[in-house]
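Trainee: Mind having a look at this structure? Questions to follow.
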Amino acid sequence: MEVEEQSIIALREFGCEQNLLSRPDGSASFVQGDSSVLAGVYGPAEVKVSKEIYDRATLEVVIQPKVGLPGVRERAREQCVRETCEAALLSFLHPRSSLSLVLQVIHDDGSLLSCCLNAACMALMDAGLPMGCLFCGVTCAIDPEGRIITDPTAQQEKNSRAVMTFAIDSAQHRVMMSSTKGSFSVNELQQCIAVSQRASEKIFQFYRDSVRRRYSKTL
């Protein structure tokens with residue numbers, strides 16, 4: 001249990017700014033330590049007939065790397081983000097329409113998928129899209145000694161034997177999506193889920209504080 005307590009305390013500093021961009025319907029930048037992602041949401045808008053879904057909105061997610069073209073890793077992350085957003089959004093309220101979420105990686109110093117998830121959630125909130133719950137991303141790494149590190153840096157990820165990212169919902173702290181790599185036991189997986197659920201409370205509190213600060217400025 002001591003390991004879990006230490007790992008929760010070790011979240012890096014967060015930063016967030018909403019409504020940064022003028023063209024998207026919603027936008028946000030999210031910073032975790034030295035990892036930084038910029039997100040833009042477009043829609044609901046018209047959708048191509050070939051992509052139309054009659055009972056809900058079609059969601060497209062694109063992740064642009066810092067340099068070069070998107071590759072296999074970006075495609076895998078896109079799927080994780082899309083699955084999480086689809087689970088949170090009340091997309092049946094916008095049938096036969098299109099939603100696009102574009103994530104631009106500004107800097108990657110570890111826990112990138114969780115940073116993408118957090119930027120996506122804040123951008124969806126900024127766009128005012130109806131959601132059943134909020135969500136956040138938490139990344140855990142297990143080092144060679146079996147210690148759990150939350151929100152690891154790129155170097156910590158490289159030195160670890162397993163890296164896991166979970167999307168956690170704000171209503172019941174359930175796991176909405178998981179992405180894992182490396183070797184770990186069932187017990188270690190359960191420990192990482194428990195740590196991520198507790199860490200998510202700090203992130204949701206940061207969301208609330210961030211939104212409160214933004215609206216107190218505009219009033």
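In the structure tokens, the first chain shown is A, the next is B, and so on; residue numbers restart at 1 for each chain, and ligands run from 1 in the order shown.
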Find the spatial neighbours of region 85-98 of chain A, counting only C-alpha atoms, within a cut-off of 6 Å - ignore same-chain residues fewer than 5 positions away - and output them as a list of chain:residue names.
Mentor: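 So, after excluding close chain neighbours, the residues are A:Pro44, A:Ala45, A:Glu46, A:Val47, A:Glu52, A:Ile53, A:Tyr54, A:Asp55, A:Arg56, A:Ala57, A:Thr58, A:Pro130, A:Met131, A:Gly132, A:Cys133.
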Trainee: Output N, CA, C and O atoms for every residue in that selection, as a PDB file, in the first residue's frame.
Mentor:
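Generated output (selection_4.pdb):
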```
ATOM      1  N   PRO A  44     -20.748  19.600 -34.093  1.00  0.00           N
ATOM      2  CA  PRO A  44     -21.321  18.732 -35.126  1.00  0.00           C
ATOM      3  C   PRO A  44     -21.447  19.457 -36.473  1.00  0.00           C
ATOM      4  O   PRO A  44     -21.828  20.625 -36.515  1.00  0.00           O
ATOM      5  N   ALA A  45     -21.113  18.722 -37.537  1.00  0.00           N
ATOM      6  CA  ALA A  45     -21.179  19.273 -38.886  1.00  0.00           C
ATOM      7  C   ALA A  45     -21.742  18.207 -39.819  1.00  0.00           C
ATOM      8  O   ALA A  45     -22.027  17.082 -39.402  1.00  0.00           O
ATOM      9  N   GLU A  46     -21.884  18.594 -41.092  1.00  0.00           N
ATOM     10  CA  GLU A  46     -22.370  17.616 -42.075  1.00  0.00           C
ATOM     11  C   GLU A  46     -21.364  16.498 -42.237  1.00  0.00           C
ATOM     12  O   GLU A  46     -20.164  16.706 -42.122  1.00  0.00           O
ATOM     13  N   VAL A  47     -21.864  15.305 -42.515  1.00  0.00           N
ATOM     14  CA  VAL A  47     -20.999  14.142 -42.668  1.00  0.00           C
ATOM     15  C   VAL A  47     -21.177  13.571 -44.073  1.00  0.00           C
ATOM     16  O   VAL A  47     -22.255  13.682 -44.662  1.00  0.00           O
ATOM     17  N   GLU A  52     -21.913   8.243 -42.776  1.00  0.00           N
ATOM     18  CA  GLU A  52     -23.066   8.616 -41.955  1.00  0.00           C
ATOM     19  C   GLU A  52     -23.555   7.447 -41.108  1.00  0.00           C
ATOM     20  O   GLU A  52     -23.647   6.311 -41.573  1.00  0.00           O
ATOM     21  N   ILE A  53     -23.848   7.710 -39.836  1.00  0.00           N
ATOM     22  CA  ILE A  53     -24.481   6.730 -38.948  1.00  0.00           C
ATOM     23  C   ILE A  53     -25.847   7.312 -38.569  1.00  0.00           C
ATOM     24  O   ILE A  53     -25.922   8.424 -38.043  1.00  0.00           O
ATOM     25  N   TYR A  54     -26.903   6.543 -38.848  1.00  0.00           N
ATOM     26  CA  TYR A  54     -28.256   7.126 -38.771  1.00  0.00           C
ATOM     27  C   TYR A  54     -28.696   7.492 -37.352  1.00  0.00           C
ATOM     28  O   TYR A  54     -29.530   8.384 -37.162  1.00  0.00           O
ATOM     29  N   ASP A  55     -28.126   6.809 -36.329  1.00  0.00           N
ATOM     30  CA  ASP A  55     -28.627   7.050 -34.970  1.00  0.00           C
ATOM     31  C   ASP A  55     -27.638   7.773 -34.055  1.00  0.00           C
ATOM     32  O   ASP A  55     -27.904   7.985 -32.884  1.00  0.00           O
ATOM     33  N   ARG A  56     -26.479   8.163 -34.577  1.00  0.00           N
ATOM     34  CA  ARG A  56     -25.526   8.911 -33.738  1.00  0.00           C
ATOM     35  C   ARG A  56     -24.504   9.647 -34.612  1.00  0.00           C
ATOM     36  O   ARG A  56     -24.444   9.431 -35.818  1.00  0.00           O
ATOM     37  N   ALA A  57     -23.710  10.483 -33.965  1.00  0.00           N
ATOM     38  CA  ALA A  57     -22.684  11.233 -34.685  1.00  0.00           C
ATOM     39  C   ALA A  57     -21.497  10.322 -35.018  1.00  0.00           C
ATOM     40  O   ALA A  57     -21.195   9.378 -34.288  1.00  0.00           O
ATOM     41  N   THR A  58     -20.833  10.610 -36.119  1.00  0.00           N
ATOM     42  CA  THR A  58     -19.602   9.915 -36.496  1.00  0.00           C
ATOM     43  C   THR A  58     -18.426  10.690 -35.908  1.00  0.00           C
ATOM     44  O   THR A  58     -18.313  11.896 -36.132  1.00  0.00           O
ATOM     45  N   PRO A 130     -22.581  17.490 -25.457  1.00  0.00           N
ATOM     46  CA  PRO A 130     -23.213  16.755 -24.350  1.00  0.00           C
ATOM     47  C   PRO A 130     -22.456  15.469 -24.034  1.00  0.00           C
ATOM     48  O   PRO A 130     -22.139  14.692 -24.927  1.00  0.00           O
ATOM     49  N   MET A 131     -22.144  15.274 -22.747  1.00  0.00           N
ATOM     50  CA  MET A 131     -21.385  14.103 -22.323  1.00  0.00           C
ATOM     51  C   MET A 131     -22.055  13.458 -21.116  1.00  0.00           C
ATOM     52  O   MET A 131     -22.565  14.157 -20.236  1.00  0.00           O
ATOM     53  N   GLY A 132     -22.033  12.129 -21.087  1.00  0.00           N
ATOM     54  CA  GLY A 132     -22.594  11.409 -19.947  1.00  0.00           C
ATOM     55  C   GLY A 132     -21.690  11.507 -18.728  1.00  0.00           C
ATOM     56  O   GLY A 132     -22.139  11.408 -17.591  1.00  0.00           O
ATOM     57  N   CYS A 133     -20.407  11.688 -18.957  1.00  0.00           N
ATOM     58  CA  CYS A 133     -19.426  11.841 -17.877  1.00  0.00           C
ATOM     59  C   CYS A 133     -18.177  12.467 -18.467  1.00  0.00           C
ATOM     60  O   CYS A 133     -17.990  12.478 -19.683  1.00  0.00           O
TER      61      CYS A 133
END
```
Trainee: Give me, as a list of chain:residue names, all polymer residues having an atom no more than 8 Å from region 193-208 of chain A, counting only C-alpha atoms and skipping those fewer than 4 positions away in the same chain.
Mentor: A:Glu4, A:Ser7, A:Ile8, A:Leu11, A:Phe14, A:Met122, A:Cys136, A:Gly137, A:Val138, A:Thr139, A:Cys140, A:Thr150, A:Phe166, A:Ile168, A:Ser170, A:His173, A:Arg174, A:Val175, A:Leu189, A:Arg212
Trainee: Go ahead and save the picked residues with N, CA, C and O atoms, as an mmCIF file, in the first residue's frame.
Mentor:
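Once written, out-v2.cif looks like this:
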```cif
data_model
loop_
_atom_site.group_PDB
_atom_site.id
_atom_site.type_symbol
_atom_site.label_atom_id
_atom_site.label_comp_id
_atom_site.auth_asym_id
_atom_site.auth_seq_id
_atom_site.Cartn_x
_atom_site.Cartn_y
_atom_site.Cartn_z
ATOM 1 N N GLU A 4 1.650 2.444 -3.411
ATOM 2 C CA GLU A 4 0.537 3.142 -4.065
ATOM 3 C C GLU A 4 0.470 4.605 -3.625
ATOM 4 O O GLU A 4 0.291 5.494 -4.430
ATOM 5 N N SER A 7 3.182 6.552 -5.245
ATOM 6 C CA SER A 7 2.994 6.718 -6.679
ATOM 7 C C SER A 7 1.930 7.765 -6.993
ATOM 8 O O SER A 7 2.031 8.478 -7.971
ATOM 9 N N ILE A 8 0.900 7.871 -6.146
ATOM 10 C CA ILE A 8 -0.147 8.862 -6.397
ATOM 11 C C ILE A 8 0.407 10.274 -6.200
ATOM 12 O O ILE A 8 0.119 11.171 -6.961
ATOM 13 N N LEU A 11 2.456 12.601 -9.170
ATOM 14 C CA LEU A 11 1.936 13.158 -10.426
ATOM 15 C C LEU A 11 2.693 14.444 -10.744
ATOM 16 O O LEU A 11 2.953 15.261 -9.854
ATOM 17 N N PHE A 14 0.308 19.848 -13.622
ATOM 18 C CA PHE A 14 -0.591 19.992 -14.774
ATOM 19 C C PHE A 14 -0.741 21.458 -15.169
ATOM 20 O O PHE A 14 -0.609 22.355 -14.337
ATOM 21 N N MET A 122 -10.909 18.132 -22.174
ATOM 22 C CA MET A 122 -11.049 19.583 -21.976
ATOM 23 C C MET A 122 -11.530 20.284 -23.241
ATOM 24 O O MET A 122 -12.288 21.258 -23.172
ATOM 25 N N CYS A 136 -10.602 11.056 -17.759
ATOM 26 C CA CYS A 136 -9.199 11.485 -17.734
ATOM 27 C C CYS A 136 -8.320 10.278 -18.012
ATOM 28 O O CYS A 136 -8.757 9.130 -17.911
ATOM 29 N N GLY A 137 -7.086 10.545 -18.382
ATOM 30 C CA GLY A 137 -6.124 9.478 -18.639
ATOM 31 C C GLY A 137 -5.071 9.442 -17.549
ATOM 32 O O GLY A 137 -4.604 10.489 -17.088
ATOM 33 N N VAL A 138 -4.721 8.239 -17.112
ATOM 34 C CA VAL A 138 -3.643 8.056 -16.136
ATOM 35 C C VAL A 138 -2.708 6.966 -16.662
ATOM 36 O O VAL A 138 -3.170 5.877 -17.025
ATOM 37 N N THR A 139 -1.427 7.265 -16.716
ATOM 38 C CA THR A 139 -0.430 6.276 -17.139
ATOM 39 C C THR A 139 0.350 5.789 -15.924
ATOM 40 O O THR A 139 0.722 6.587 -15.061
ATOM 41 N N CYS A 140 0.545 4.476 -15.857
ATOM 42 C CA CYS A 140 1.362 3.852 -14.803
ATOM 43 C C CYS A 140 2.488 3.068 -15.453
ATOM 44 O O CYS A 140 2.281 2.428 -16.480
ATOM 45 N N THR A 150 3.361 6.602 -11.289
ATOM 46 C CA THR A 150 2.273 7.242 -12.044
ATOM 47 C C THR A 150 2.812 8.422 -12.830
ATOM 48 O O THR A 150 3.754 9.085 -12.401
ATOM 49 N N PHE A 166 -4.849 4.099 -18.546
ATOM 50 C CA PHE A 166 -6.276 3.857 -18.326
ATOM 51 C C PHE A 166 -7.050 5.164 -18.522
ATOM 52 O O PHE A 166 -6.580 6.227 -18.113
ATOM 53 N N ILE A 168 -10.325 6.857 -17.164
ATOM 54 C CA ILE A 168 -11.197 6.702 -15.992
ATOM 55 C C ILE A 168 -12.364 7.685 -16.114
ATOM 56 O O ILE A 168 -12.156 8.844 -16.471
ATOM 57 N N SER A 170 -15.539 10.057 -14.665
ATOM 58 C CA SER A 170 -15.677 10.919 -13.485
ATOM 59 C C SER A 170 -16.830 10.497 -12.585
ATOM 60 O O SER A 170 -16.859 10.844 -11.408
ATOM 61 N N HIS A 173 -15.604 6.369 -11.431
ATOM 62 C CA HIS A 173 -14.181 6.001 -11.506
ATOM 63 C C HIS A 173 -13.973 4.609 -12.110
ATOM 64 O O HIS A 173 -13.110 3.854 -11.678
ATOM 65 N N ARG A 174 -14.808 4.282 -13.096
ATOM 66 C CA ARG A 174 -14.649 3.011 -13.810
ATOM 67 C C ARG A 174 -13.568 3.149 -14.882
ATOM 68 O O ARG A 174 -13.309 4.242 -15.376
ATOM 69 N N VAL A 175 -12.994 2.027 -15.280
ATOM 70 C CA VAL A 175 -12.032 2.011 -16.390
ATOM 71 C C VAL A 175 -12.820 1.953 -17.692
ATOM 72 O O VAL A 175 -13.569 1.010 -17.941
ATOM 73 N N LEU A 189 -1.638 -5.565 -12.403
ATOM 74 C CA LEU A 189 -2.643 -4.851 -13.202
ATOM 75 C C LEU A 189 -3.707 -4.251 -12.292
ATOM 76 O O LEU A 189 -4.076 -3.080 -12.420
ATOM 77 N N ARG A 212 -13.233 26.585 -13.235
ATOM 78 C CA ARG A 212 -13.691 27.628 -12.318
ATOM 79 C C ARG A 212 -12.882 28.908 -12.518
ATOM 80 O O ARG A 212 -13.432 30.013 -12.567
#
```
Trainee: Could you give me, as a list of chain:residue names, the residues within 8 Å of Cys80 (chain A), counting only C-alpha atoms and dropping anything in the same chain fewer than 6 positions from it?
Mentor: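 The neighbour list is A:Met177, A:Ser178, A:Ser179.
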Trainee: Using only C-alpha atoms, which protein or nucleic acid residues come within 7 Å of region 157-165 of chain A? Drop anything in the same chain fewer than 2 positions from it, and give the result as a list in words.
Mentor: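 Here the answer would be Gly110, Ser114, Gly137, Val138, Thr139, Cys140, Ala141, Ile142, Asp143, Pro144, Pro152, Thr153, Ala154, Gln155, Ala167, Ser178, Ser179, Thr180, Lys181, Gly182, Ser183 and Phe184 of chain A.
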Trainee: Give me, please, the distance in Å between CA of Tyr215 (chain A) and CA of Cys121 (chain A), quoted to one decimal.
Mentor: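 Atom-to-atom, CA of Tyr215 (chain A) and CA of Cys121 (chain A) are spaced 17.3 Å apart.
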Trainee: Excluding Ile106 (chain A) and residues on its chain fewer than 6 positions from it, collect all residues at most 8 Å away from it, counting only C-alpha atoms, and give them as JSON, numbers by chain.
Mentor: {"A": [35, 36, 37, 38, 65, 66]}
Trainee: I need the residue nearest Val102 (chain A) from this list: A:Ser27, A:Ser50, A:Gln79, A:Gln32. Use only C-alpha atoms for the distance.
Mentor: A:Ser27
Trainee: Quick one: distance from CA of Arg82 (chain A) to CA of Gly26 (chain A) in Å, one decimal?
Mentor: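 These two atoms are separated by 16.5 Å.
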Trainee: Measuring between only C-alpha atoms, which one of A:Arg214, A:Lys51, A:Ser185, A:Leu112 shows the shortest distance to Glu74 (chain A)?
Mentor: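 Going through A:Arg214, A:Lys51, A:Ser185, A:Leu112 one by one, the smallest distance to Glu74 (chain A) is for A:Leu112.
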Trainee: Could you pull out the strand (DSSP E or B) residues of region 1-113 of chain A, going by DSSP on the backbone, and write them as JSON, numbers by chain?
Mentor: {"A": [14, 15, 16, 17, 18, 26, 27, 28, 29, 30, 31, 32, 35, 36, 37, 38, 39, 40, 41, 42, 43, 44, 45, 58, 59, 60, 61, 62, 63, 64, 89, 98, 99, 100, 101, 102, 103, 104, 105, 106, 107]}
